[in-house]
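*Asks:* Structure below; questions to follow.
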Amino acid sequence: MKNRFLWFCRIGVGLLFIFSGLIKANDPLGFSYKLEEYFEVFHITFLDSLSVCFAILLCAMEMILGFALIIGVKAQRVAWGLLLLIIFFAFLTFYSAAFKVVQTCGCFGDAIPLTPWQSFSKDLVLLLLIIVIFKNKDQIKPAFAPKTGERLFLISIAISVAFGFYTYSFMPIIDFLPYKVGANIPDEMKTPPGAQPDEFELTYNLKNKKTGATKSMTDKEYLKTGIWKDNSWEIIGDPDSKLVKKGFTPKIVDLIISDAQRNDYTRELINNPFYSLWIVAYDLKKTDGAAINRLNALATNLTANFNMRTILLTSASPDEAAAFVKKYHLISEIFYADGVPLKEMVRSNPGIMLIKNGTIVNKWHYHTVPDYDHLVKEYLQKQ
C-alpha cells in the first residue's frame, strides 16, 4: 500500500512539474516578463538582463526533475531539488498573495491563469506530496536499467533546454494570448449586451469628530445605518475596494493607440478594411537593428507597390522614437501604446502583425518574417 502511494506521488508530482515547465517553456519570453515583476518587487532589477535565461533554465529544471522522478533516476538529488524548488515557489506565491504585489504568478503561463492564493494552495498540496517523496527517497526504484535511465535523463535535459530556446527564437507554438492569429481585435474589446461587470465592495474608514472613535463599515452598511446623516462622523482617507464577484472582462481592455500628440488612432487603425503591416517594438533600446532594416525594406516595397499602410508601434517616448526613425530611416508611421498590450501582441522585439479589418491575419517573429514575394503571393494577390 505504501509503495502504491509513493508511485501515486511520483506520477502526480512528476506529471504536474512536466506540464508546468512545458506550458511556461512554450512562452519563455512571457515568463521572463513575470520574473522581472518579481525582480522589481525584491529590488533586484539588475537581474533583468538575465530574465530570459532564468526563464528557460527554470522551465527546463521543472521538466527535467518531473521526468527524472517518474523514471526514478538520481532519486536523492531529484528529491532534494523538488523540495527546494517547491519551497521557493510556495514562498513566492504566498508573498504575492499576502502583499498583493504580483497578481498572477505565471505558474501555468497564460494558459491557466491562477490568482496568488490559488497558486499558493496548489503549492501547499504539492509540498505535502513532495515531503512524502523526500521521506521515502531511498525507496524510489528506477523504472529502467541504469544505462537506459541515464540516456533518457540526458535526452530530457537536451530536449527541455532546446524547447525553451526554440520557442524564444520563433514564438510560442500555442498562442494563449488575446492577440492570436485569427482574433478580431474590435470583437475582443467588446462587452456583450447584458454582461455583468465586476462587483466591488467598498469599505469606509470613519472617525468621530467629537470622541475620536474610529470604525470601518462597508458601503452597504454605511447607507443602511444612516450614519452618513450624522455630521459627527467623517470618512478618513480613500475607501478600500474589494472584488466580491467577478464579472465579464473583455480579453483586450488596455489597448489605446495614439500619435505623438496623444490623438487617439485606435479605432481608425483596427477598423482599417485593407491590409496593414504593424511592426511592434515595445522597447526600442532592445529592438534588433538588423531586423528593423529588413522590415523597413519590406515596408518600403509594400507601400510603393500596394499602398499598404505600415506602422511602428512602440511604448518609447516620442523623442526616443524620433531618434530611432532618424537612425534607421524608417518610412512607417509611428504610433504609441502601453508596453503591456504590445508585449502581448507578439513575443518578439520587433514582431510583425498583418492586420485586415481588425483581424490578425498572421504574425511573425523577426527571425521568421516572410519575404516580399511570399507576402504578395500568399495574401495580397488573393484580396
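All residue names refer to the C-alpha cells as shown: chains lettered A, B, ... in order, residues numbered from 1 in each chain, ligands numbered from 1 in order.
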Show which residues sit within 10 Å of Ile71 (chain A), as number ranges by chain. Count only C-alpha atoms, and ignore same-chain residues fewer than 4 positions away.
*Replies:* A: 10-11, 14, 66-67, 75, 140-144, 149-150, 152-153
*Asks:* I need the chosen residues saved as an mmCIF file, in the first residue's frame, with N, CA and C atoms.
*Replies:*
data_model
loop_
_atom_site.group_PDB
_atom_site.id
_atom_site.type_symbol
_atom_site.label_atom_id
_atom_site.label_comp_id
_atom_site.auth_asym_id
_atom_site.auth_seq_id
_atom_site.Cartn_x
_atom_site.Cartn_y
_atom_site.Cartn_z
ATOM 1 N N ARG A 10 4.814 10.029 -7.066
ATOM 2 C CA ARG A 10 5.797 10.194 -8.136
ATOM 3 C C ARG A 10 5.135 10.592 -9.453
ATOM 4 N N ILE A 11 4.103 9.873 -9.829
ATOM 5 C CA ILE A 11 3.419 10.148 -11.102
ATOM 6 C C ILE A 11 2.736 11.513 -11.063
ATOM 7 N N GLY A 14 5.414 14.340 -10.756
ATOM 8 C CA GLY A 14 6.213 14.350 -11.983
ATOM 9 C C GLY A 14 5.458 14.938 -13.156
ATOM 10 N N GLY A 66 10.718 16.606 -13.056
ATOM 11 C CA GLY A 66 9.484 15.814 -13.160
ATOM 12 C C GLY A 66 9.709 14.506 -13.881
ATOM 13 N N PHE A 67 10.439 14.553 -14.996
ATOM 14 C CA PHE A 67 10.708 13.340 -15.772
ATOM 15 C C PHE A 67 11.614 12.390 -14.993
ATOM 16 N N ALA A 75 17.483 9.621 -7.638
ATOM 17 C CA ALA A 75 16.377 9.853 -6.710
ATOM 18 C C ALA A 75 16.735 10.822 -5.582
ATOM 19 N N ILE A 140 12.659 4.914 -3.748
ATOM 20 C CA ILE A 140 12.348 5.160 -5.164
ATOM 21 C C ILE A 140 13.202 4.238 -6.033
ATOM 22 N N LYS A 141 12.559 3.389 -6.775
ATOM 23 C CA LYS A 141 13.248 2.418 -7.633
ATOM 24 C C LYS A 141 13.215 2.898 -9.085
ATOM 25 N N PRO A 142 14.325 2.731 -9.799
ATOM 26 C CA PRO A 142 14.344 3.137 -11.218
ATOM 27 C C PRO A 142 13.413 2.278 -12.062
ATOM 28 N N ALA A 143 12.794 2.924 -13.052
ATOM 29 C CA ALA A 143 11.866 2.209 -13.934
ATOM 30 C C ALA A 143 12.583 1.533 -15.091
ATOM 31 N N PHE A 144 13.868 1.876 -15.285
ATOM 32 C CA PHE A 144 14.636 1.298 -16.392
ATOM 33 C C PHE A 144 16.002 0.845 -15.877
ATOM 34 N N GLY A 149 18.239 4.496 -18.204
ATOM 35 C CA GLY A 149 17.760 5.630 -17.422
ATOM 36 C C GLY A 149 18.638 6.854 -17.583
ATOM 37 N N GLU A 150 19.971 6.653 -17.582
ATOM 38 C CA GLU A 150 20.905 7.763 -17.755
ATOM 39 C C GLU A 150 20.736 8.407 -19.126
ATOM 40 N N LEU A 152 18.038 8.380 -21.050
ATOM 41 C CA LEU A 152 16.763 9.096 -21.074
ATOM 42 C C LEU A 152 16.866 10.418 -20.310
ATOM 43 N N PHE A 153 17.600 10.401 -19.207
ATOM 44 C CA PHE A 153 17.779 11.618 -18.404
ATOM 45 C C PHE A 153 18.524 12.680 -19.208
#
*Asks:* Just asking: which residues within region 246-307 of chain A are strand (DSSP E) according to DSSP, as a list in words?
*Replies:*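 Here are the strand (DSSP E) residues of region 246-307 of chain A: Tyr275, Ser276, Leu277, Trp278, Ile279 and Val280 of chain A.
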*Asks:* Suppose we keep N, CA and C atoms; can you now write the selection as a compact mmCIF listing (two decimals), in the first residue's frame?
*Replies:*
# COMPACT_ATOMS: atom_id res chain seq x y z
N TYR A 275 -5.37 45.60 -45.91
CA TYR A 275 -4.21 45.05 -45.22
C TYR A 275 -3.33 46.18 -44.68
N SER A 276 -2.83 45.98 -43.48
CA SER A 276 -1.83 46.89 -42.92
C SER A 276 -0.79 46.06 -42.18
N LEU A 277 0.42 46.57 -42.14
CA LEU A 277 1.52 45.86 -41.50
C LEU A 277 1.91 46.61 -40.24
N TRP A 278 1.82 45.91 -39.09
CA TRP A 278 2.18 46.51 -37.81
C TRP A 278 3.53 45.95 -37.37
N ILE A 279 4.50 46.82 -37.20
CA ILE A 279 5.79 46.44 -36.62
C ILE A 279 5.73 46.82 -35.15
N VAL A 280 5.78 45.82 -34.28
CA VAL A 280 5.61 46.03 -32.84
C VAL A 280 6.98 45.96 -32.17
*Asks:* Run DSSP on the backbone and tell me which residues of region 154-277 of chain A come out as helix (DSSP H, G or I); list them as number ranges by chain.
*Replies:* A: 154-170, 185-188, 219-225, 227-229, 266-270
*Asks:* Identify which of the residues A:Ala321, A:Ile157, A:Leu206, A:Leu342 lies closest to Asp230 (chain A), counting only C-alpha atoms when measuring atom-to-atom distances.
*Replies:* A:Leu206
*Asks:* Out of A:Ala111, A:Ala299, A:Val73, A:Ile227, which residue has the shortest atom-to-atom distance to Leu177 (chain A) when counting only C-alpha atoms?
*Replies:*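 Selected residue with least distance to Leu177 (chain A): A:Ala111.
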*Asks:* Listing only residues of region 238-356 of chain A within 10 Å of region 215-224 of chain A, what is the closest atom pair and its distance in Å (to one decimal) for each, using only C-alpha atoms, sorted by chain and residue number ascending, as CSV?
*Replies:*
residue,atom,partner,partner_atom,distance
A:Pro239,CA,A:Asp219,CA,9.0
A:Asp240,CA,A:Thr218,CA,9.1
A:Ser241,CA,A:Thr218,CA,9.6
*Asks:* Give me the region 172-215 of chain A side of the contact with region 349-360 of chain A, cut-off 12 Å, one line per residue showing its nearest atom pair and distance in Å at one decimal, counting only C-alpha atoms, sorted by chain and residue number, as JSON lines.
*Replies:*
{"residue": "A:Pro178", "atom": "CA", "partner": "A:Ile360", "partner_atom": "CA", "distance": 10.4}
{"residue": "A:Tyr179", "atom": "CA", "partner": "A:Ile360", "partner_atom": "CA", "distance": 7.3}
{"residue": "A:Lys180", "atom": "CA", "partner": "A:Ile360", "partner_atom": "CA", "distance": 7.1}
{"residue": "A:Val181", "atom": "CA", "partner": "A:Ile360", "partner_atom": "CA", "distance": 5.2}
{"residue": "A:Gly182", "atom": "CA", "partner": "A:Ile360", "partner_atom": "CA", "distance": 5.3}
{"residue": "A:Ala183", "atom": "CA", "partner": "A:Thr359", "partner_atom": "CA", "distance": 5.6}
{"residue": "A:Asn184", "atom": "CA", "partner": "A:Thr359", "partner_atom": "CA", "distance": 4.1}
{"residue": "A:Ile185", "atom": "CA", "partner": "A:Gly358", "partner_atom": "CA", "distance": 5.3}
{"residue": "A:Pro186", "atom": "CA", "partner": "A:Gly358", "partner_atom": "CA", "distance": 6.2}
{"residue": "A:Asp187", "atom": "CA", "partner": "A:Gly358", "partner_atom": "CA", "distance": 8.6}
{"residue": "A:Glu188", "atom": "CA", "partner": "A:Gly358", "partner_atom": "CA", "distance": 10.0}
{"residue": "A:Met189", "atom": "CA", "partner": "A:Gly358", "partner_atom": "CA", "distance": 10.9}
*Asks:* Can you write out the residues you just picked, keeping C-alpha atoms, as a PDB file, in the first residue's frame?
*Replies:*
ATOM      1  CA  PRO A 178      -5.723  37.603 -26.906  1.00  0.00           C
ATOM      2  CA  TYR A 179      -3.779  38.736 -29.993  1.00  0.00           C
ATOM      3  CA  LYS A 180      -3.510  35.295 -31.566  1.00  0.00           C
ATOM      4  CA  VAL A 181      -3.825  34.650 -35.291  1.00  0.00           C
ATOM      5  CA  GLY A 182      -7.479  34.797 -36.355  1.00  0.00           C
ATOM      6  CA  ALA A 183      -8.579  37.038 -33.475  1.00  0.00           C
ATOM      7  CA  ASN A 184     -10.570  40.143 -34.320  1.00  0.00           C
ATOM      8  CA  ILE A 185      -9.290  42.985 -32.166  1.00  0.00           C
ATOM      9  CA  PRO A 186     -12.522  45.068 -32.093  1.00  0.00           C
ATOM     10  CA  ASP A 187     -14.541  41.996 -31.078  1.00  0.00           C
ATOM     11  CA  GLU A 188     -12.067  41.141 -28.319  1.00  0.00           C
ATOM     12  CA  MET A 189     -12.528  44.656 -26.917  1.00  0.00           C
TER      13      MET A 189
END
*Asks:* Counting only C-alpha atoms, figure out which residue out of A:Asp123, A:Asp373, A:Glu62, A:Glu37 gets nearest to Thr104 (chain A).
*Replies:*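 Under the stated criterion, the closest residue is A:Glu37.
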*Asks:* Which residues are near Ala25 (chain A)? Cut-off 12 Å, only C-alpha atoms, ignore same chain within fewer than 3 positions. Put them as a PDB file with N, CA and C atoms, in the first residue's frame.
*Replies:*
ATOM      1  N   PHE A  17       4.866  18.742 -12.696  1.00  0.00           N
ATOM      2  CA  PHE A  17       6.069  19.533 -12.937  1.00  0.00           C
ATOM      3  C   PHE A  17       6.395  19.586 -14.428  1.00  0.00           C
ATOM      4  N   ILE A  18       6.217  18.482 -15.122  1.00  0.00           N
ATOM      5  CA  ILE A  18       6.456  18.480 -16.572  1.00  0.00           C
ATOM      6  C   ILE A  18       5.481  19.418 -17.266  1.00  0.00           C
ATOM      7  N   PHE A  19       4.204  19.344 -16.891  1.00  0.00           N
ATOM      8  CA  PHE A  19       3.188  20.199 -17.505  1.00  0.00           C
ATOM      9  C   PHE A  19       3.464  21.668 -17.207  1.00  0.00           C
ATOM     10  N   SER A  20       3.781  21.973 -15.948  1.00  0.00           N
ATOM     11  CA  SER A  20       4.048  23.356 -15.561  1.00  0.00           C
ATOM     12  C   SER A  20       5.254  23.912 -16.305  1.00  0.00           C
ATOM     13  N   GLY A  21       6.324  23.121 -16.380  1.00  0.00           N
ATOM     14  CA  GLY A  21       7.511  23.576 -17.099  1.00  0.00           C
ATOM     15  C   GLY A  21       7.265  23.717 -18.587  1.00  0.00           C
ATOM     16  N   LEU A  22       6.529  22.757 -19.151  1.00  0.00           N
ATOM     17  CA  LEU A  22       6.271  22.765 -20.593  1.00  0.00           C
ATOM     18  C   LEU A  22       5.402  23.939 -21.001  1.00  0.00           C
ATOM     19  N   PRO A  28       8.670  31.374 -23.120  1.00  0.00           N
ATOM     20  CA  PRO A  28       9.671  31.800 -22.138  1.00  0.00           C
ATOM     21  C   PRO A  28       9.817  33.316 -22.033  1.00  0.00           C
ATOM     22  N   LEU A  29       9.568  34.034 -23.139  1.00  0.00           N
ATOM     23  CA  LEU A  29       9.661  35.486 -23.067  1.00  0.00           C
ATOM     24  C   LEU A  29       8.571  36.044 -22.152  1.00  0.00           C
ATOM     25  N   GLY A  30       7.354  35.476 -22.258  1.00  0.00           N
ATOM     26  CA  GLY A  30       6.273  35.893 -21.375  1.00  0.00           C
ATOM     27  C   GLY A  30       6.597  35.588 -19.920  1.00  0.00           C
ATOM     28  N   PHE A  31       7.197  34.424 -19.663  1.00  0.00           N
ATOM     29  CA  PHE A  31       7.585  34.060 -18.299  1.00  0.00           C
ATOM     30  C   PHE A  31       8.685  34.987 -17.792  1.00  0.00           C
ATOM     31  N   SER A  32       9.574  35.426 -18.685  1.00  0.00           N
ATOM     32  CA  SER A  32      10.641  36.344 -18.269  1.00  0.00           C
ATOM     33  C   SER A  32      10.054  37.687 -17.823  1.00  0.00           C
ATOM     34  N   VAL A  52      15.470  36.173 -19.362  1.00  0.00           N
ATOM     35  CA  VAL A  52      15.146  35.156 -20.360  1.00  0.00           C
ATOM     36  C   VAL A  52      15.909  33.865 -20.076  1.00  0.00           C
ATOM     37  N   CYS A  53      17.196  33.992 -19.747  1.00  0.00           N
ATOM     38  CA  CYS A  53      17.996  32.795 -19.409  1.00  0.00           C
ATOM     39  C   CYS A  53      17.425  32.090 -18.194  1.00  0.00           C
ATOM     40  N   PHE A  54      17.073  32.872 -17.158  1.00  0.00           N
ATOM     41  CA  PHE A  54      16.475  32.276 -15.966  1.00  0.00           C
ATOM     42  C   PHE A  54      15.166  31.573 -16.319  1.00  0.00           C
ATOM     43  N   ALA A  55      14.358  32.207 -17.182  1.00  0.00           N
ATOM     44  CA  ALA A  55      13.065  31.633 -17.558  1.00  0.00           C
ATOM     45  C   ALA A  55      13.248  30.285 -18.259  1.00  0.00           C
ATOM     46  N   ILE A  56      14.154  30.231 -19.223  1.00  0.00           N
ATOM     47  CA  ILE A  56      14.389  28.993 -19.977  1.00  0.00           C
ATOM     48  C   ILE A  56      14.920  27.894 -19.059  1.00  0.00           C
ATOM     49  N   LEU A  57      15.883  28.244 -18.208  1.00  0.00           N
ATOM     50  CA  LEU A  57      16.501  27.246 -17.332  1.00  0.00           C
ATOM     51  C   LEU A  57      15.544  26.777 -16.244  1.00  0.00           C
ATOM     52  N   LEU A  58      14.726  27.691 -15.709  1.00  0.00           N
ATOM     53  CA  LEU A  58      13.777  27.299 -14.667  1.00  0.00           C
ATOM     54  C   LEU A  58      12.707  26.362 -15.219  1.00  0.00           C
ATOM     55  N   CYS A  59      12.222  26.665 -16.426  1.00  0.00           N
ATOM     56  CA  CYS A  59      11.240  25.784 -17.074  1.00  0.00           C
ATOM     57  C   CYS A  59      11.856  24.415 -17.356  1.00  0.00           C
ATOM     58  N   ALA A  60      13.089  24.429 -17.850  1.00  0.00           N
ATOM     59  CA  ALA A  60      13.779  23.166 -18.134  1.00  0.00           C
ATOM     60  C   ALA A  60      13.980  22.365 -16.859  1.00  0.00           C
ATOM     61  N   MET A  61      14.326  23.035 -15.762  1.00  0.00           N
ATOM     62  CA  MET A  61      14.544  22.345 -14.495  1.00  0.00           C
ATOM     63  C   MET A  61      13.270  21.646 -14.031  1.00  0.00           C
ATOM     64  N   GLU A  62      12.136  22.323 -14.168  1.00  0.00           N
ATOM     65  CA  GLU A  62      10.869  21.695 -13.785  1.00  0.00           C
ATOM     66  C   GLU A  62      10.612  20.424 -14.590  1.00  0.00           C
ATOM     67  N   MET A  63      10.787  20.514 -15.908  1.00  0.00           N
ATOM     68  CA  MET A  63      10.531  19.352 -16.763  1.00  0.00           C
ATOM     69  C   MET A  63      11.515  18.223 -16.478  1.00  0.00           C
ATOM     70  N   GLY A 106       2.004  33.203 -12.867  1.00  0.00           N
ATOM     71  CA  GLY A 106       2.546  32.625 -14.087  1.00  0.00           C
ATOM     72  C   GLY A 106       2.911  31.170 -13.956  1.00  0.00           C
ATOM     73  N   CYS A 107       2.350  30.483 -12.950  1.00  0.00           N
ATOM     74  CA  CYS A 107       2.682  29.065 -12.716  1.00  0.00           C
ATOM     75  C   CYS A 107       2.412  28.205 -13.944  1.00  0.00           C
ATOM     76  N   PHE A 108       1.298  28.477 -14.605  1.00  0.00           N
ATOM     77  CA  PHE A 108       0.950  27.745 -15.821  1.00  0.00           C
ATOM     78  C   PHE A 108       0.879  28.689 -17.014  1.00  0.00           C
ATOM     79  N   GLY A 109       1.727  29.717 -16.992  1.00  0.00           N
ATOM     80  CA  GLY A 109       1.754  30.673 -18.089  1.00  0.00           C
ATOM     81  C   GLY A 109       0.419  31.378 -18.256  1.00  0.00           C
ATOM     82  N   ASP A 110       0.104  31.729 -19.493  1.00  0.00           N
ATOM     83  CA  ASP A 110      -1.186  32.363 -19.791  1.00  0.00           C
ATOM     84  C   ASP A 110      -2.254  31.339 -20.142  1.00  0.00           C
ATOM     85  N   ALA A 111      -1.889  30.058 -20.135  1.00  0.00           N
ATOM     86  CA  ALA A 111      -2.856  29.005 -20.473  1.00  0.00           C
ATOM     87  C   ALA A 111      -3.885  28.830 -19.374  1.00  0.00           C
ATOM     88  N   ILE A 159      16.311  18.073 -24.602  1.00  0.00           N
ATOM     89  CA  ILE A 159      15.015  18.473 -25.163  1.00  0.00           C
ATOM     90  C   ILE A 159      14.414  19.635 -24.388  1.00  0.00           C
ATOM     91  N   SER A 160      14.491  19.609 -23.068  1.00  0.00           N
ATOM     92  CA  SER A 160      13.888  20.651 -22.236  1.00  0.00           C
ATOM     93  C   SER A 160      14.524  22.012 -22.499  1.00  0.00           C
ATOM     94  N   VAL A 161      15.860  22.039 -22.550  1.00  0.00           N
ATOM     95  CA  VAL A 161      16.555  23.305 -22.791  1.00  0.00           C
ATOM     96  C   VAL A 161      16.335  23.769 -24.230  1.00  0.00           C
ATOM     97  N   ALA A 162      16.428  22.844 -25.183  1.00  0.00           N
ATOM     98  CA  ALA A 162      16.272  23.197 -26.598  1.00  0.00           C
ATOM     99  C   ALA A 162      14.873  23.725 -26.889  1.00  0.00           C
ATOM    100  N   PHE A 163      13.870  23.158 -26.252  1.00  0.00           N
ATOM    101  CA  PHE A 163      12.489  23.600 -26.484  1.00  0.00           C
ATOM    102  C   PHE A 163      12.313  25.064 -26.082  1.00  0.00           C
ATOM    103  N   GLY A 164      12.870  25.443 -24.919  1.00  0.00           N
ATOM    104  CA  GLY A 164      12.763  26.830 -24.476  1.00  0.00           C
ATOM    105  C   GLY A 164      13.460  27.797 -25.407  1.00  0.00           C
ATOM    106  N   PHE A 165      14.654  27.422 -25.872  1.00  0.00           N
ATOM    107  CA  PHE A 165      15.380  28.286 -26.810  1.00  0.00           C
ATOM    108  C   PHE A 165      14.645  28.385 -28.144  1.00  0.00           C
ATOM    109  N   TYR A 166      14.006  27.291 -28.561  1.00  0.00           N
ATOM    110  CA  TYR A 166      13.280  27.296 -29.839  1.00  0.00           C
ATOM    111  C   TYR A 166      12.083  28.251 -29.777  1.00  0.00           C
ATOM    112  N   THR A 167      11.265  28.127 -28.747  1.00  0.00           N
ATOM    113  CA  THR A 167      10.072  28.974 -28.656  1.00  0.00           C
ATOM    114  C   THR A 167      10.438  30.439 -28.423  1.00  0.00           C
ATOM    115  N   TYR A 168      11.560  30.674 -27.749  1.00  0.00           N
ATOM    116  CA  TYR A 168      12.020  32.061 -27.588  1.00  0.00           C
ATOM    117  C   TYR A 168      12.448  32.651 -28.927  1.00  0.00           C
ATOM    118  N   SER A 169      13.067  31.846 -29.762  1.00  0.00           N
ATOM    119  CA  SER A 169      13.586  32.315 -31.049  1.00  0.00           C
ATOM    120  C   SER A 169      12.540  32.368 -32.154  1.00  0.00           C
ATOM    121  N   MET A 171       8.811  32.205 -31.406  1.00  0.00           N
ATOM    122  CA  MET A 171       7.488  32.458 -30.823  1.00  0.00           C
ATOM    123  C   MET A 171       6.826  31.182 -30.327  1.00  0.00           C
ATOM    124  N   PRO A 172       5.816  31.339 -29.425  1.00  0.00           N
ATOM    125  CA  PRO A 172       5.144  30.175 -28.845  1.00  0.00           C
ATOM    126  C   PRO A 172       4.512  29.271 -29.908  1.00  0.00           C
ATOM    127  N   ILE A 173       4.553  27.969 -29.639  1.00  0.00           N
ATOM    128  CA  ILE A 173       3.906  27.011 -30.540  1.00  0.00           C
ATOM    129  C   ILE A 173       2.394  27.136 -30.430  1.00  0.00           C
ATOM    130  N   ILE A 174       1.896  27.307 -29.212  1.00  0.00           N
ATOM    131  CA  ILE A 174       0.465  27.551 -28.977  1.00  0.00           C
ATOM    132  C   ILE A 174       0.335  28.941 -28.364  1.00  0.00           C
TER     133      ILE A 174
END
*Asks:* Pick from A:Asp138, A:Glu333, A:Glu199, A:Glu36: nearest to Val102 (chain A), with only C-alpha atoms counted?
*Replies:*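 Closest to Val102 (chain A), using only C-alpha atoms: A:Glu36.
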*Asks:* Using only C-alpha atoms, tabulate the residues of region 321-340 of chain A lying at most 10 Å from any atom of region 291-296 of chain A, each with its closest atom pair and that distance in Å to one decimal, by chain and increasing residue number, as a tab-separated table.
*Replies:*
residue	atom	partner	partner_atom	distance
A:Tyr328	CA	A:Asn293	CA	6.7
A:His329	CA	A:Asn296	CA	8.1
A:Leu330	CA	A:Asn296	CA	6.0
A:Ile331	CA	A:Asn296	CA	6.9
A:Ser332	CA	A:Asn296	CA	7.6
*Asks:* Output C-alpha atoms of each residue in that selection to a file, as a short mmCIF file (atom, residue, chain, number, x, y, z; two decimals), in the first residue's frame.
*Replies:*
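Written file, selection-v5.cif:
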data_model
loop_
_atom_site.label_atom_id
_atom_site.label_comp_id
_atom_site.auth_asym_id
_atom_site.auth_seq_id
_atom_site.Cartn_x
_atom_site.Cartn_y
_atom_site.Cartn_z
CA TYR A 328 17.15 53.65 -39.38
CA HIS A 329 15.49 55.95 -41.95
CA LEU A 330 12.07 54.41 -41.26
CA ILE A 331 9.20 55.11 -43.63
CA SER A 332 6.48 53.67 -41.37
#
*Asks:* When distances are computed from only C-alpha atoms, which of A:Phe134, A:Phe324, A:Phe200, A:Tyr366 shows the smallest separation from Leu243 (chain A)?
*Replies:*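 Looking only at the distances to Leu243 (chain A), the closest residue turns out to be A:Phe200.
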